[in-house]
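To be precise, the following lines are input-v3.tsv, and they hold TSV, N, CA, C and O atoms.
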chain	number	residue	atom	x	y	z
A	570	MET	N	-31.41	12.92	14.97
A	570	MET	CA	-30.96	13.22	13.62
A	570	MET	C	-29.59	12.55	13.41
A	570	MET	O	-28.67	12.80	14.17
A	571	PRO	N	-29.45	11.72	12.38
A	571	PRO	CA	-28.17	11.04	12.14
A	571	PRO	C	-27.11	12.01	11.61
A	571	PRO	O	-27.41	13.00	10.96
A	572	VAL	N	-25.88	11.67	11.89
A	572	VAL	CA	-24.75	12.46	11.41
A	572	VAL	C	-24.13	11.72	10.24
A	572	VAL	O	-23.86	10.52	10.31
A	573	GLU	N	-23.90	12.45	9.15
A	573	GLU	CA	-23.31	11.84	7.96
A	573	GLU	C	-21.87	12.33	7.81
A	573	GLU	O	-21.62	13.53	7.80
A	574	ILE	N	-20.95	11.40	7.72
A	574	ILE	CA	-19.54	11.74	7.51
A	574	ILE	C	-19.26	11.62	6.03
A	574	ILE	O	-19.33	10.53	5.46
A	575	ARG	N	-18.92	12.72	5.40
A	575	ARG	CA	-18.69	12.71	3.96
A	575	ARG	C	-17.23	12.45	3.61
A	575	ARG	O	-16.92	11.97	2.54
A	576	GLU	N	-16.34	12.78	4.51
A	576	GLU	CA	-14.92	12.57	4.23
A	576	GLU	C	-14.21	12.23	5.52
A	576	GLU	O	-14.43	12.88	6.55
A	577	LEU	N	-13.38	11.23	5.47
A	577	LEU	CA	-12.61	10.82	6.62
A	577	LEU	C	-11.15	10.74	6.20
A	577	LEU	O	-10.80	10.02	5.27
A	578	VAL	N	-10.31	11.52	6.84
A	578	VAL	CA	-8.89	11.55	6.51
A	578	VAL	C	-8.10	10.94	7.66
A	578	VAL	O	-8.23	11.37	8.80
A	579	ILE	N	-7.32	9.93	7.34
A	579	ILE	CA	-6.49	9.27	8.34
A	579	ILE	C	-5.05	9.37	7.88
A	579	ILE	O	-4.71	8.99	6.76
A	580	ARG	N	-4.21	9.88	8.74
A	580	ARG	CA	-2.78	10.00	8.42
A	580	ARG	C	-1.98	9.22	9.45
A	580	ARG	O	-2.30	9.22	10.63
A	581	ALA	N	-0.95	8.57	8.96
A	581	ALA	CA	-0.10	7.79	9.86
A	581	ALA	C	1.35	7.89	9.40
A	581	ALA	O	1.63	7.96	8.21
A	582	VAL	N	2.25	7.85	10.34
A	582	VAL	CA	3.67	7.85	10.06
A	582	VAL	C	4.23	6.55	10.64
A	582	VAL	O	4.07	6.28	11.83
A	583	VAL	N	4.86	5.77	9.77
A	583	VAL	CA	5.41	4.50	10.20
A	583	VAL	C	6.92	4.57	10.10
A	583	VAL	O	7.47	4.89	9.05
A	584	LYS	N	7.59	4.27	11.19
A	584	LYS	CA	9.04	4.27	11.20
A	584	LYS	C	9.51	2.89	11.64
A	584	LYS	O	9.02	2.35	12.62
A	585	ASP	N	10.45	2.37	10.91
A	585	ASP	CA	11.02	1.08	11.25
A	585	ASP	C	12.46	1.36	11.70
A	585	ASP	O	13.39	1.32	10.91
A	586	GLU	N	12.61	1.65	12.97
A	586	GLU	CA	13.91	2.05	13.49
A	586	GLU	C	14.93	0.92	13.41
A	586	GLU	O	16.11	1.16	13.22
A	587	HIS	N	14.48	-0.32	13.52
A	587	HIS	CA	15.40	-1.45	13.47
A	587	HIS	C	16.09	-1.54	12.11
A	587	HIS	O	17.29	-1.75	12.03
A	588	ASN	N	15.34	-1.35	11.02
A	588	ASN	CA	15.92	-1.47	9.68
A	588	ASN	C	16.67	-0.22	9.25
A	588	ASN	O	17.50	-0.29	8.38
A	589	GLN	N	16.39	0.93	9.82
A	589	GLN	CA	17.08	2.14	9.43
A	589	GLN	C	18.56	2.07	9.77
A	589	GLN	O	19.40	2.52	9.00
A	590	ALA	N	18.89	1.52	10.91
A	590	ALA	CA	20.28	1.46	11.33
A	590	ALA	C	21.07	0.44	10.52
A	590	ALA	O	22.24	0.64	10.23
A	591	SER	N	20.44	-0.67	10.14
A	591	SER	CA	21.16	-1.73	9.45
A	591	SER	C	20.89	-1.77	7.96
A	591	SER	O	21.43	-2.62	7.26
A	592	ASP	N	20.07	-0.87	7.42
A	592	ASP	CA	19.71	-0.89	6.01
A	592	ASP	C	20.87	-0.36	5.17
A	592	ASP	O	21.33	0.76	5.36
A	593	THR	N	21.33	-1.17	4.22
A	593	THR	CA	22.41	-0.74	3.35
A	593	THR	C	21.90	-0.25	2.01
A	593	THR	O	22.67	0.24	1.20
A	594	GLY	N	20.61	-0.44	1.75
A	594	GLY	CA	20.03	0.01	0.50
A	594	GLY	C	20.09	-1.02	-0.61
A	594	GLY	O	19.56	-0.80	-1.68
A	595	THR	N	20.73	-2.15	-0.39
A	595	THR	CA	20.84	-3.14	-1.45
A	595	THR	C	19.53	-3.86	-1.68
A	595	THR	O	19.22	-4.23	-2.81
A	596	GLU	N	18.76	-4.06	-0.64
A	596	GLU	CA	17.49	-4.79	-0.78
A	596	GLU	C	16.51	-4.03	-1.66
A	596	GLU	O	15.80	-4.60	-2.45
A	597	ARG	N	16.47	-2.76	-1.52
A	597	ARG	CA	15.49	-1.96	-2.25
A	597	ARG	C	15.83	-1.85	-3.73
A	597	ARG	O	14.97	-1.59	-4.54
A	598	ASN	N	17.07	-2.01	-4.10
A	598	ASN	CA	17.46	-1.82	-5.49
A	598	ASN	C	17.55	-3.12	-6.27
A	598	ASN	O	17.86	-3.09	-7.45
A	599	GLU	N	17.32	-4.24	-5.65
A	599	GLU	CA	17.39	-5.51	-6.36
A	599	GLU	C	16.21	-5.65	-7.31
A	599	GLU	O	15.07	-5.43	-6.92
A	600	PRO	N	16.49	-6.02	-8.55
A	600	PRO	CA	15.40	-6.14	-9.54
A	600	PRO	C	14.34	-7.16	-9.14
A	600	PRO	O	13.16	-6.96	-9.41
A	601	GLN	N	14.72	-8.26	-8.49
A	601	GLN	CA	13.74	-9.26	-8.10
A	601	GLN	C	12.76	-8.69	-7.09
A	601	GLN	O	11.56	-8.94	-7.18
A	602	ASN	N	13.27	-7.96	-6.13
A	602	ASN	CA	12.39	-7.37	-5.12
A	602	ASN	C	11.49	-6.31	-5.74
A	602	ASN	O	10.32	-6.20	-5.37
A	603	GLN	N	12.02	-5.54	-6.66
A	603	GLN	CA	11.21	-4.52	-7.32
A	603	GLN	C	10.11	-5.17	-8.14
A	603	GLN	O	8.97	-4.71	-8.13
A	604	GLN	N	10.44	-6.23	-8.85
A	604	GLN	CA	9.45	-6.91	-9.67
A	604	GLN	C	8.36	-7.53	-8.80
A	604	GLN	O	7.19	-7.48	-9.13
A	605	ALA	N	8.76	-8.11	-7.67
A	605	ALA	CA	7.79	-8.70	-6.76
A	605	ALA	C	6.86	-7.62	-6.21
A	605	ALA	O	5.65	-7.84	-6.08
A	606	LEU	N	7.42	-6.46	-5.90
A	606	LEU	CA	6.61	-5.35	-5.39
A	606	LEU	C	5.63	-4.87	-6.46
A	606	LEU	O	4.45	-4.65	-6.18
A	607	VAL	N	6.11	-4.72	-7.68
A	607	VAL	CA	5.25	-4.28	-8.77
A	607	VAL	C	4.14	-5.30	-9.02
A	607	VAL	O	2.97	-4.94	-9.20
A	608	ASP	N	4.49	-6.57	-9.01
A	608	ASP	CA	3.49	-7.62	-9.22
A	608	ASP	C	2.41	-7.58	-8.14
A	608	ASP	O	1.22	-7.70	-8.43
A	609	GLU	N	2.82	-7.40	-6.90
A	609	GLU	CA	1.84	-7.34	-5.81
A	609	GLU	C	0.95	-6.11	-5.93
A	609	GLU	O	-0.26	-6.18	-5.70
A	610	CYS	N	1.53	-4.98	-6.33
A	610	CYS	CA	0.73	-3.76	-6.52
A	610	CYS	C	-0.30	-3.94	-7.62
A	610	CYS	O	-1.46	-3.55	-7.47
A	611	VAL	N	0.13	-4.52	-8.73
A	611	VAL	CA	-0.79	-4.75	-9.85
A	611	VAL	C	-1.91	-5.68	-9.41
A	611	VAL	O	-3.09	-5.46	-9.72
A	612	LYS	N	-1.56	-6.72	-8.68
A	612	LYS	CA	-2.56	-7.68	-8.20
A	612	LYS	C	-3.59	-6.98	-7.32
A	612	LYS	O	-4.81	-7.20	-7.47
A	613	GLN	N	-3.14	-6.12	-6.41
A	613	GLN	CA	-4.06	-5.42	-5.51
A	613	GLN	C	-4.95	-4.44	-6.28
A	613	GLN	O	-6.15	-4.33	-5.99
A	614	VAL	N	-4.38	-3.72	-7.24
A	614	VAL	CA	-5.17	-2.75	-8.02
A	614	VAL	C	-6.24	-3.48	-8.83
A	614	VAL	O	-7.39	-3.04	-8.88
A	615	LEU	N	-5.87	-4.58	-9.46
A	615	LEU	CA	-6.85	-5.35	-10.23
A	615	LEU	C	-7.96	-5.89	-9.34
A	615	LEU	O	-9.13	-5.91	-9.73
A	616	LYS	N	-7.61	-6.29	-8.14
A	616	LYS	CA	-8.60	-6.79	-7.19
A	616	LYS	C	-9.59	-5.69	-6.81
A	616	LYS	O	-10.81	-5.91	-6.77
A	617	ILE	N	-9.08	-4.50	-6.57
A	617	ILE	CA	-9.94	-3.35	-6.22
A	617	ILE	C	-10.85	-2.99	-7.39
A	617	ILE	O	-12.05	-2.75	-7.22
A	618	LEU	N	-10.28	-2.95	-8.60
A	618	LEU	CA	-11.09	-2.61	-9.78
A	618	LEU	C	-12.18	-3.65	-10.01
A	618	LEU	O	-13.31	-3.31	-10.38
A	619	LYS	N	-11.87	-4.92	-9.80
A	619	LYS	CA	-12.87	-5.97	-9.96
A	619	LYS	C	-14.01	-5.80	-8.97
A	619	LYS	O	-15.18	-5.95	-9.32
A	620	ARG	N	-13.66	-5.46	-7.72
A	620	ARG	CA	-14.69	-5.25	-6.70
A	620	ARG	C	-15.59	-4.08	-7.06
A	620	ARG	O	-16.80	-4.11	-6.87
A	621	LYS	N	-15.01	-3.01	-7.63
A	621	LYS	CA	-15.80	-1.84	-7.99
A	621	LYS	C	-16.74	-2.14	-9.15
A	621	LYS	O	-17.83	-1.61	-9.22
A	622	GLN	N	-16.30	-2.99	-10.08
A	622	GLN	CA	-17.15	-3.33	-11.22
A	622	GLN	C	-18.32	-4.21	-10.78
A	622	GLN	O	-19.38	-4.16	-11.40
A	623	GLU	N	-18.15	-5.00	-9.74
A	623	GLU	CA	-19.21	-5.87	-9.27
A	623	GLU	C	-20.34	-5.09	-8.61
A	623	GLU	O	-21.46	-5.56	-8.56
A	624	ARG	N	-20.06	-3.92	-8.15
A	624	ARG	CA	-21.08	-3.12	-7.44
A	624	ARG	C	-22.09	-2.56	-8.37
A	624	ARG	O	-22.26	-2.32	-9.36

Show me this structure written as structure tokens.
Amino acid sequence: MPVEIRELVIRAVVKDEHNQASDTGTERNEPQNQQALVDECVKQVLKILKRKQER
């Protein structure tokens, strides 16, 4: 009899100890970096939505 997995939950904690000690916070607040991050997120979301519509 096959086993069906209806839900799979994966949790992970990622720590970047190298950047925590030297991080001044300026990189995260720069508008260029924020815009690049937003652009990449939008690109990924649109890619996922396109894949779902193809199914």

>> If I take atom C of Glu609 of chain A and atom O of Glu586 of chain A, how far is one from the other in Å, to one decimal?
In response: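 Computing the Euclidean distance for atom C of Glu609 of chain A and atom O of Glu586 of chain A yields 25.5 Å.
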
> Expressed in Å to a single decimal, how great is the separation between atom O of Asn602 of chain A and atom N of Val614 of chain A?
Replying inline: 15.0 Å

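In this structure, atom O of Gln604 of chain A sits 19.9 Å away from atom O of Ile617 of chain A.
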
Centre and edge lengths, as lines of an AutoDock Vina configuration file, for the axis-aligned box enclosing every listed atom of segment 607-623 of chain A with 5 Å of padding on each of the six sides, in Å to one decimal?
center_x = -7.7
center_y = -4.7
center_z = -8.5
size_x = 37.6
size_y = 16.1
size_z = 15.9
